[in-house]
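Student: One structure, pasted below without further comment.
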Amino acid sequence: MPDKGFCPMDNAMIRFEDVSLPEGALLTGGIARFDERGGFHCDRGELRDRFMRSIEQLQIGRVALSSGALAAARSGAWLMTRYARQRHTAHRIPMIERDNVCLPLARTVARLYAATALGNLSRRRLADLSGPDLDVYAFELGMLAKPMLSTTALTALQEFRERLGAQGMFRTNMITDYLGITQAVITAEGDNQMLEVAVGRALARAGAPPLPPVPEGGPAWMTMLDHRARSLAAAGPTHGGYAAVRVARATAAALAAHALHDAATTTAGTAGELLHTLAGLYATDQILEHAAWHTADSRLTAADARELLDTRDELAARL
């Protein structure tokens, strides 16, 4: 097929004409067969069940590939942090000590950890299931995770590429390769936006996203993120793609916040404290990103917004 940039692969389209195939070449996944008279038989009577079983491997690929892109982005974060500690700016001040560098970097790392937590949740869910047991929740979880994970990775890597300057262009530092791989992941196993439209519509039809309950004494930000996801889904089925995308993204953000919070509560010591700080920074960032919506919903005042802005900078500085 034609040459392509970013992540070159030797893809090809192969056509056969007048070729007879033996019965054993039929790919049925062990659930279907033809009898001697040519009649088709399948253990899955419902077309939806057949479809989900047929694309199970595609679903695994979505989560695995986007998790790989995130691993590349985390590697980029390490490179960026190491470089910023060594690179001196005016008056011999290390780059990492400039707030225009360290504060956005901390916020980016928080998004990477939240996306990683969601990816881990998706992988565990898929690993616990096999073939016929693939359920709707695991299916939707993968469709929510792939766009969020890959987009988060791409945005982070682009930021690192720019802050690294010329070092970000040298292939020895891998950033350009990571960007190319992530671009390929975004396209592979289904266009991100179309996945969001499809899963967003499904969640709207259901009337509620698959969010876990907020634990007793849980942080206020968790309630706010959950409320937005539920409110958007509760608006009901929609044929509009934009509304469906909003449902999908709000749900993915809430699930990621839950997953990162859960990881923090099950991790002891300094690592657990860092994860709690990352979870708070991620959630605060998400609320501020959609401050207009929360204000219109009467859940955020101007004073609340100012306090959240201060909190975000404090958490980022702490990290």
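In the structure tokens, chains take the letters A, B, ... in the order shown, each chain's residues start at 1, and ligands count up from 1 in the order shown.
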With a distance cut-off of 8 Å and only C-alpha atoms, select the neighbouring residues of region 207-218 of chain A, excluding the residue or stretch itself and same-chain residues fewer than 2 positions from it, and output the selection as a PDB file with all heavy atoms, in the first residue's frame.

Tutor:
```
ATOM      1  N   TYR A 137     -19.863  -4.060  29.776  1.00  0.00           N
ATOM      2  CA  TYR A 137     -19.055  -3.100  30.512  1.00  0.00           C
ATOM      3  C   TYR A 137     -17.607  -3.109  30.028  1.00  0.00           C
ATOM      4  O   TYR A 137     -17.014  -2.057  29.784  1.00  0.00           O
ATOM      5  CB  TYR A 137     -19.116  -3.389  32.004  1.00  0.00           C
ATOM      6  CG  TYR A 137     -18.181  -2.531  32.823  1.00  0.00           C
ATOM      7  CD1 TYR A 137     -18.392  -1.160  32.935  1.00  0.00           C
ATOM      8  CD2 TYR A 137     -17.079  -3.081  33.468  1.00  0.00           C
ATOM      9  CE1 TYR A 137     -17.533  -0.354  33.677  1.00  0.00           C
ATOM     10  CE2 TYR A 137     -16.217  -2.287  34.208  1.00  0.00           C
ATOM     11  CZ  TYR A 137     -16.452  -0.933  34.308  1.00  0.00           C
ATOM     12  OH  TYR A 137     -15.594  -0.149  35.032  1.00  0.00           O
ATOM     13  N   LEU A 203     -24.073   4.966  26.108  1.00  0.00           N
ATOM     14  CA  LEU A 203     -24.242   5.402  27.498  1.00  0.00           C
ATOM     15  C   LEU A 203     -25.481   6.282  27.653  1.00  0.00           C
ATOM     16  O   LEU A 203     -26.181   6.207  28.663  1.00  0.00           O
ATOM     17  CB  LEU A 203     -22.995   6.162  27.955  1.00  0.00           C
ATOM     18  CG  LEU A 203     -21.695   5.349  28.057  1.00  0.00           C
ATOM     19  CD1 LEU A 203     -20.515   6.254  28.357  1.00  0.00           C
ATOM     20  CD2 LEU A 203     -21.817   4.260  29.113  1.00  0.00           C
ATOM     21  N   ALA A 204     -25.750   7.117  26.638  1.00  0.00           N
ATOM     22  CA  ALA A 204     -26.938   7.968  26.699  1.00  0.00           C
ATOM     23  C   ALA A 204     -28.215   7.133  26.614  1.00  0.00           C
ATOM     24  O   ALA A 204     -29.201   7.414  27.293  1.00  0.00           O
ATOM     25  CB  ALA A 204     -26.901   8.994  25.566  1.00  0.00           C
ATOM     26  N   ARG A 205     -28.180   6.087  25.793  1.00  0.00           N
ATOM     27  CA  ARG A 205     -29.350   5.204  25.711  1.00  0.00           C
ATOM     28  C   ARG A 205     -29.586   4.503  27.043  1.00  0.00           C
ATOM     29  O   ARG A 205     -30.725   4.307  27.471  1.00  0.00           O
ATOM     30  CB  ARG A 205     -29.164   4.167  24.598  1.00  0.00           C
ATOM     31  CG  ARG A 205     -29.368   4.703  23.191  1.00  0.00           C
ATOM     32  CD  ARG A 205     -29.517   3.579  22.187  1.00  0.00           C
ATOM     33  NE  ARG A 205     -28.323   2.736  22.131  1.00  0.00           N
ATOM     34  CZ  ARG A 205     -27.291   2.953  21.328  1.00  0.00           C
ATOM     35  NH1 ARG A 205     -27.301   4.001  20.512  1.00  0.00           N
ATOM     36  NH2 ARG A 205     -26.257   2.147  21.326  1.00  0.00           N
ATOM     37  N   ALA A 220     -14.564  15.704  47.369  1.00  0.00           N
ATOM     38  CA  ALA A 220     -15.664  16.424  46.714  1.00  0.00           C
ATOM     39  C   ALA A 220     -15.507  16.432  45.206  1.00  0.00           C
ATOM     40  O   ALA A 220     -16.495  16.396  44.462  1.00  0.00           O
ATOM     41  CB  ALA A 220     -15.727  17.855  47.256  1.00  0.00           C
ATOM     42  N   MET A 222     -14.574  14.135  43.293  1.00  0.00           N
ATOM     43  CA  MET A 222     -15.085  12.906  42.699  1.00  0.00           C
ATOM     44  C   MET A 222     -16.583  13.025  42.434  1.00  0.00           C
ATOM     45  O   MET A 222     -17.089  12.624  41.378  1.00  0.00           O
ATOM     46  CB  MET A 222     -14.788  11.720  43.619  1.00  0.00           C
ATOM     47  CG  MET A 222     -15.108  10.363  43.011  1.00  0.00           C
ATOM     48  SD  MET A 222     -14.655   8.996  44.123  1.00  0.00           S
ATOM     49  CE  MET A 222     -12.867   9.042  44.014  1.00  0.00           C
ATOM     50  N   THR A 223     -17.298  13.623  43.377  1.00  0.00           N
ATOM     51  CA  THR A 223     -18.736  13.828  43.218  1.00  0.00           C
ATOM     52  C   THR A 223     -19.027  14.758  42.044  1.00  0.00           C
ATOM     53  O   THR A 223     -19.964  14.530  41.270  1.00  0.00           O
ATOM     54  CB  THR A 223     -19.337  14.420  44.502  1.00  0.00           C
ATOM     55  OG1 THR A 223     -19.080  13.527  45.592  1.00  0.00           O
ATOM     56  CG2 THR A 223     -20.835  14.616  44.373  1.00  0.00           C
ATOM     57  N   ASP A 226     -18.358  12.900  38.702  1.00  0.00           N
ATOM     58  CA  ASP A 226     -19.409  11.907  38.485  1.00  0.00           C
ATOM     59  C   ASP A 226     -20.718  12.585  38.087  1.00  0.00           C
ATOM     60  O   ASP A 226     -21.436  12.106  37.201  1.00  0.00           O
ATOM     61  CB  ASP A 226     -19.626  11.082  39.756  1.00  0.00           C
ATOM     62  CG  ASP A 226     -18.510  10.084  40.007  1.00  0.00           C
ATOM     63  OD1 ASP A 226     -17.497  10.142  39.278  1.00  0.00           O
ATOM     64  OD2 ASP A 226     -18.644   9.261  40.923  1.00  0.00           O
ATOM     65  N   ALA A 229     -20.717  13.598  34.391  1.00  0.00           N
ATOM     66  CA  ALA A 229     -20.873  12.442  33.505  1.00  0.00           C
ATOM     67  C   ALA A 229     -22.306  11.923  33.526  1.00  0.00           C
ATOM     68  O   ALA A 229     -22.897  11.629  32.471  1.00  0.00           O
ATOM     69  CB  ALA A 229     -19.899  11.335  33.903  1.00  0.00           C
ATOM     70  N   ARG A 230     -22.884  11.840  34.707  1.00  0.00           N
ATOM     71  CA  ARG A 230     -24.256  11.326  34.823  1.00  0.00           C
ATOM     72  C   ARG A 230     -25.266  12.299  34.215  1.00  0.00           C
ATOM     73  O   ARG A 230     -26.232  11.882  33.573  1.00  0.00           O
ATOM     74  CB  ARG A 230     -24.584  11.054  36.289  1.00  0.00           C
ATOM     75  CG  ARG A 230     -23.832   9.861  36.879  1.00  0.00           C
ATOM     76  CD  ARG A 230     -24.446   9.412  38.201  1.00  0.00           C
ATOM     77  NE  ARG A 230     -23.833   8.185  38.681  1.00  0.00           N
ATOM     78  CZ  ARG A 230     -22.870   8.124  39.600  1.00  0.00           C
ATOM     79  NH1 ARG A 230     -22.430   9.241  40.157  1.00  0.00           N
ATOM     80  NH2 ARG A 230     -22.358   6.967  39.976  1.00  0.00           N
ATOM     81  N   ALA A 233     -25.144  12.063  30.413  1.00  0.00           N
ATOM     82  CA  ALA A 233     -25.738  10.812  29.928  1.00  0.00           C
ATOM     83  C   ALA A 233     -27.250  10.804  30.136  1.00  0.00           C
ATOM     84  O   ALA A 233     -28.001  10.275  29.310  1.00  0.00           O
ATOM     85  CB  ALA A 233     -25.105   9.619  30.641  1.00  0.00           C
ATOM     86  N   ALA A 234     -27.710  11.400  31.241  1.00  0.00           N
ATOM     87  CA  ALA A 234     -29.134  11.386  31.566  1.00  0.00           C
ATOM     88  C   ALA A 234     -29.962  12.236  30.612  1.00  0.00           C
ATOM     89  O   ALA A 234     -31.196  12.118  30.587  1.00  0.00           O
ATOM     90  CB  ALA A 234     -29.347  11.876  32.996  1.00  0.00           C
ATOM     91  N   ALA A 235     -29.293  13.075  29.823  1.00  0.00           N
ATOM     92  CA  ALA A 235     -30.030  13.885  28.853  1.00  0.00           C
ATOM     93  C   ALA A 235     -30.739  13.015  27.829  1.00  0.00           C
ATOM     94  O   ALA A 235     -31.626  13.476  27.129  1.00  0.00           O
ATOM     95  CB  ALA A 235     -29.084  14.864  28.165  1.00  0.00           C
ATOM     96  N   GLY A 236     -30.329  11.738  27.759  1.00  0.00           N
ATOM     97  CA  GLY A 236     -31.045  10.799  26.911  1.00  0.00           C
ATOM     98  C   GLY A 236     -30.373  10.565  25.574  1.00  0.00           C
ATOM     99  O   GLY A 236     -29.380  11.214  25.231  1.00  0.00           O
ATOM    100  N   PRO A 237     -30.903   9.613  24.806  1.00  0.00           N
ATOM    101  CA  PRO A 237     -30.337   9.277  23.499  1.00  0.00           C
ATOM    102  C   PRO A 237     -30.269  10.498  22.591  1.00  0.00           C
ATOM    103  O   PRO A 237     -31.147  11.363  22.622  1.00  0.00           O
ATOM    104  CB  PRO A 237     -31.312   8.237  22.946  1.00  0.00           C
ATOM    105  CG  PRO A 237     -31.992   7.672  24.151  1.00  0.00           C
ATOM    106  CD  PRO A 237     -32.080   8.801  25.136  1.00  0.00           C
ATOM    107  N   THR A 251     -17.306  10.679  30.996  1.00  0.00           N
ATOM    108  CA  THR A 251     -17.300   9.378  31.664  1.00  0.00           C
ATOM    109  C   THR A 251     -15.880   8.847  31.818  1.00  0.00           C
ATOM    110  O   THR A 251     -15.494   8.334  32.879  1.00  0.00           O
ATOM    111  CB  THR A 251     -18.150   8.361  30.887  1.00  0.00           C
ATOM    112  OG1 THR A 251     -19.488   8.865  30.753  1.00  0.00           O
ATOM    113  CG2 THR A 251     -18.190   7.019  31.589  1.00  0.00           C
ATOM    114  N   ALA A 254     -14.111  10.742  34.612  1.00  0.00           N
ATOM    115  CA  ALA A 254     -14.555  10.326  35.943  1.00  0.00           C
ATOM    116  C   ALA A 254     -14.001   8.946  36.299  1.00  0.00           C
ATOM    117  O   ALA A 254     -13.548   8.716  37.426  1.00  0.00           O
ATOM    118  CB  ALA A 254     -16.081  10.323  36.002  1.00  0.00           C
ATOM    119  N   LEU A 255     -14.035   8.023  35.350  1.00  0.00           N
ATOM    120  CA  LEU A 255     -13.504   6.678  35.600  1.00  0.00           C
ATOM    121  C   LEU A 255     -12.007   6.727  35.889  1.00  0.00           C
ATOM    122  O   LEU A 255     -11.505   6.010  36.762  1.00  0.00           O
ATOM    123  CB  LEU A 255     -13.772   5.780  34.396  1.00  0.00           C
ATOM    124  CG  LEU A 255     -15.191   5.237  34.252  1.00  0.00           C
ATOM    125  CD1 LEU A 255     -15.383   4.579  32.882  1.00  0.00           C
ATOM    126  CD2 LEU A 255     -15.508   4.233  35.355  1.00  0.00           C
ATOM    127  N   HIS A 258     -11.497   7.963  39.431  1.00  0.00           N
ATOM    128  CA  HIS A 258     -11.789   6.881  40.373  1.00  0.00           C
ATOM    129  C   HIS A 258     -10.625   5.895  40.429  1.00  0.00           C
ATOM    130  O   HIS A 258     -10.197   5.468  41.510  1.00  0.00           O
ATOM    131  CB  HIS A 258     -13.058   6.139  39.945  1.00  0.00           C
ATOM    132  CG  HIS A 258     -14.329   6.742  40.449  1.00  0.00           C
ATOM    133  ND1 HIS A 258     -14.836   6.469  41.703  1.00  0.00           N
ATOM    134  CD2 HIS A 258     -15.202   7.601  39.866  1.00  0.00           C
ATOM    135  CE1 HIS A 258     -15.967   7.128  41.877  1.00  0.00           C
ATOM    136  NE2 HIS A 258     -16.218   7.829  40.783  1.00  0.00           N
TER     137      HIS A 258
END
```

Student: Give me the residues near Val197 (chain A) as a ChimeraX atom specification, where near means some atom within 12 Å (using only C-alpha atoms) and where sequence neighbours in that chain fewer than 3 positions away do not count.

Tutor: /A:140,143-144,147,190-194,200-204,237-249

Student: Of the candidates A:Arg107, A:Arg312, A:Arg228, A:Arg15, which one gets nearest to Glu159 (chain A) if we count only C-alpha atoms?

Tutor: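 For Glu159 (chain A), the nearest of the given residues is A:Arg107.
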
Student: Pick the closest to Asp49 (chain A) from A:Tyr113, A:Tyr83, A:Phe34, A:Phe139: which is it, counting only C-alpha atoms?

Tutor: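 For Asp49 (chain A), the nearest of the candidates is A:Phe139.
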
Student: Work out how far CA of Ala316 (chain A) is from CA of Arg74 (chain A), in Å to one decimal.

Tutor: 17.2 Å

Student: What residues in region 28-271 of chain A get the DSSP label strand (DSSP E)? Please answer as a count of residues only.

Tutor: 6

Student: So, with only C-alpha atoms as the atoms that count, which of A:Ala64, A:Leu21, A:Ala302, A:Leu281 lies closest to Leu103 (chain A)?

Tutor: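 The answer is A:Leu281, which sits nearest to Leu103 (chain A).
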
Student: For Ile175 (chain A), work out the shell of residues within 7 Å, counting only C-alpha atoms and skipping chain neighbours fewer than 2 positions away, then give it as a VMD selection string.

Tutor: chain A and resid 76 157 161 168 171 173 177 to 179

Student: Only N, CA and C atoms, please: the residues just picked out, written as a PDB file, in the first residue's frame.

Tutor:
```pdb
ATOM      1  N   GLY A  76       8.780   9.720  27.955  1.00  0.00           N
ATOM      2  CA  GLY A  76       9.039  11.107  27.585  1.00  0.00           C
ATOM      3  C   GLY A  76       9.037  12.026  28.793  1.00  0.00           C
ATOM      4  N   LEU A 157       3.358  14.139  24.838  1.00  0.00           N
ATOM      5  CA  LEU A 157       4.582  14.019  24.045  1.00  0.00           C
ATOM      6  C   LEU A 157       4.864  15.284  23.241  1.00  0.00           C
ATOM      7  N   ARG A 161       8.185  17.468  23.522  1.00  0.00           N
ATOM      8  CA  ARG A 161       8.973  17.739  22.316  1.00  0.00           C
ATOM      9  C   ARG A 161       9.336  19.220  22.250  1.00  0.00           C
ATOM     10  N   GLY A 168      14.642  17.400  21.641  1.00  0.00           N
ATOM     11  CA  GLY A 168      13.421  16.670  21.315  1.00  0.00           C
ATOM     12  C   GLY A 168      13.345  16.237  19.873  1.00  0.00           C
ATOM     13  N   ARG A 171      16.636  11.768  17.217  1.00  0.00           N
ATOM     14  CA  ARG A 171      15.998  10.453  17.352  1.00  0.00           C
ATOM     15  C   ARG A 171      16.611   9.628  18.478  1.00  0.00           C
ATOM     16  N   ASN A 173      16.815  10.467  21.372  1.00  0.00           N
ATOM     17  CA  ASN A 173      15.958  10.670  22.545  1.00  0.00           C
ATOM     18  C   ASN A 173      14.559  10.109  22.354  1.00  0.00           C
ATOM     19  N   ASP A 177       9.962   9.436  17.551  1.00  0.00           N
ATOM     20  CA  ASP A 177       9.452   8.086  17.311  1.00  0.00           C
ATOM     21  C   ASP A 177       8.204   7.819  18.150  1.00  0.00           C
ATOM     22  N   TYR A 178       8.235   8.270  19.392  1.00  0.00           N
ATOM     23  CA  TYR A 178       7.061   8.105  20.254  1.00  0.00           C
ATOM     24  C   TYR A 178       5.848   8.828  19.670  1.00  0.00           C
ATOM     25  N   LEU A 179       6.081  10.035  19.130  1.00  0.00           N
ATOM     26  CA  LEU A 179       4.989  10.779  18.511  1.00  0.00           C
ATOM     27  C   LEU A 179       4.417  10.015  17.314  1.00  0.00           C
TER      28      LEU A 179
END
```

Student: Quick one: everything within 12 Å of Asp262 (chain A), counting only C-alpha atoms, minus sequence neighbours fewer than 3 positions away in the same chain. Send it as a PDB file with C-alpha atoms, in the first residue's frame.

Tutor:
```
ATOM      1  CA  ALA A 114      -4.841   9.117  35.550  1.00  0.00           C
ATOM      2  CA  ALA A 117      -4.843   4.031  36.002  1.00  0.00           C
ATOM      3  CA  LEU A 118      -7.755   3.814  33.557  1.00  0.00           C
ATOM      4  CA  ASN A 120      -4.749  -0.668  34.061  1.00  0.00           C
ATOM      5  CA  LEU A 121      -8.424  -0.951  35.014  1.00  0.00           C
ATOM      6  CA  PRO A 212     -18.609   3.116  40.830  1.00  0.00           C
ATOM      7  CA  VAL A 214     -18.316   7.511  45.594  1.00  0.00           C
ATOM      8  CA  PRO A 215     -16.829   6.019  48.791  1.00  0.00           C
ATOM      9  CA  GLY A 218     -14.609  10.529  49.345  1.00  0.00           C
ATOM     10  CA  PRO A 219     -13.220  13.779  47.935  1.00  0.00           C
ATOM     11  CA  MET A 222     -15.085  12.906  42.699  1.00  0.00           C
ATOM     12  CA  LEU A 255     -13.504   6.678  35.600  1.00  0.00           C
ATOM     13  CA  ALA A 256      -9.838   7.686  35.390  1.00  0.00           C
ATOM     14  CA  ALA A 257     -10.172   9.797  38.545  1.00  0.00           C
ATOM     15  CA  HIS A 258     -11.789   6.881  40.373  1.00  0.00           C
ATOM     16  CA  ALA A 259      -9.074   4.492  39.190  1.00  0.00           C
ATOM     17  CA  THR A 265      -5.698   4.319  48.629  1.00  0.00           C
ATOM     18  CA  THR A 266      -4.134   0.880  48.094  1.00  0.00           C
ATOM     19  CA  THR A 267      -0.556   2.190  47.974  1.00  0.00           C
ATOM     20  CA  ALA A 268       1.376   2.783  51.170  1.00  0.00           C
ATOM     21  CA  GLY A 272       0.574   6.613  48.057  1.00  0.00           C
ATOM     22  CA  LEU A 275      -0.695   9.311  43.967  1.00  0.00           C
ATOM     23  CA  HIS A 276      -3.263  11.108  46.130  1.00  0.00           C
ATOM     24  CA  ALA A 279      -5.391  12.355  41.717  1.00  0.00           C
TER      25      ALA A 279
END
```

Student: Given the choices A:Thr152, A:Leu225, A:Leu126, A:Val63, which gets closest to Ala110 (chain A) if the distance is worked out from only C-alpha atoms?

Tutor: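 Closest to Ala110 (chain A) of all the choices is A:Thr152.
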
Student: Would you pick out the contacts of region 286-298 of chain A at 8 Å or less, using only C-alpha atoms, so that residues sharing its chain but fewer than 5 positions from it are not included, and give the list as a CSV table (one decimal) with all heavy atoms, in the first residue's frame?

Tutor:
```csv
chain,number,residue,atom,x,y,z
A,221,TRP,N,-14.2,16.5,44.7
A,221,TRP,CA,-14.0,16.5,43.3
A,221,TRP,C,-14.6,15.3,42.6
A,221,TRP,O,-15.0,15.3,41.4
A,221,TRP,CB,-12.6,16.7,42.9
A,221,TRP,CG,-11.6,15.8,43.6
A,221,TRP,CD1,-10.7,16.1,44.6
A,221,TRP,CD2,-11.3,14.4,43.2
A,221,TRP,NE1,-9.9,15.0,44.9
A,221,TRP,CE2,-10.2,14.0,44.0
A,221,TRP,CE3,-11.8,13.6,42.2
A,221,TRP,CZ2,-9.7,12.7,43.9
A,221,TRP,CZ3,-11.3,12.3,42.1
A,221,TRP,CH2,-10.2,11.8,43.0
A,224,MET,N,-18.2,15.8,41.9
A,224,MET,CA,-18.4,16.8,40.8
A,224,MET,C,-18.2,16.1,39.4
A,224,MET,O,-19.0,16.3,38.5
A,224,MET,CB,-17.5,18.0,41.0
A,224,MET,CG,-17.9,18.9,42.1
A,224,MET,SD,-17.0,20.4,42.2
A,224,MET,CE,-17.8,21.3,40.8
A,225,LEU,N,-17.1,15.3,39.3
A,225,LEU,CA,-16.8,14.7,38.0
A,225,LEU,C,-17.9,13.7,37.7
A,225,LEU,O,-18.4,13.6,36.5
A,225,LEU,CB,-15.5,14.0,38.1
A,225,LEU,CG,-14.3,14.9,38.1
A,225,LEU,CD1,-13.0,14.1,38.2
A,225,LEU,CD2,-14.2,15.9,37.0
A,228,ARG,N,-21.2,15.4,36.5
A,228,ARG,CA,-21.2,15.9,35.1
A,228,ARG,C,-21.4,14.7,34.2
A,228,ARG,O,-22.2,14.8,33.2
A,228,ARG,CB,-19.9,16.6,34.8
A,228,ARG,CG,-19.8,17.1,33.4
A,228,ARG,CD,-18.6,18.1,33.2
A,228,ARG,NE,-18.8,18.7,31.9
A,228,ARG,CZ,-18.2,18.2,30.8
A,228,ARG,NH1,-17.5,17.1,30.8
A,228,ARG,NH2,-18.4,18.8,29.6
A,253,ALA,N,-13.1,10.6,32.0
A,253,ALA,CA,-12.4,11.4,33.0
A,253,ALA,C,-12.8,11.0,34.4
A,253,ALA,O,-11.9,10.9,35.3
A,253,ALA,CB,-12.7,12.9,32.8
A,305,ALA,N,-14.1,28.8,41.9
A,305,ALA,CA,-13.2,28.7,40.8
A,305,ALA,C,-11.8,29.3,41.2
A,305,ALA,O,-10.8,28.7,40.9
A,305,ALA,CB,-13.8,29.5,39.6
A,308,LEU,N,-10.1,26.8,43.4
A,308,LEU,CA,-9.6,25.7,42.7
A,308,LEU,C,-8.4,26.1,41.9
A,308,LEU,O,-7.4,25.2,41.8
A,308,LEU,CB,-10.7,25.2,41.7
A,308,LEU,CG,-11.8,24.3,42.3
A,308,LEU,CD1,-12.9,24.1,41.3
A,308,LEU,CD2,-11.3,23.0,42.9
A,309,LEU,N,-8.3,27.3,41.4
A,309,LEU,CA,-7.1,27.7,40.7
A,309,LEU,C,-5.9,27.7,41.6
A,309,LEU,O,-4.8,27.3,41.2
A,309,LEU,CB,-7.3,29.1,40.1
A,309,LEU,CG,-8.2,29.1,38.8
A,309,LEU,CD1,-8.6,30.6,38.5
A,309,LEU,CD2,-7.5,28.5,37.6
```

Student: What's around Leu105 (chain A) at 10 Å? Count only C-alpha atoms, leave out sequence neighbours fewer than 5 positions away in its own chain, and write the answer as a ChimeraX atom specification.

Tutor: /A:77,80-81,96,99-100,110-111,156,159-160,163,316,319
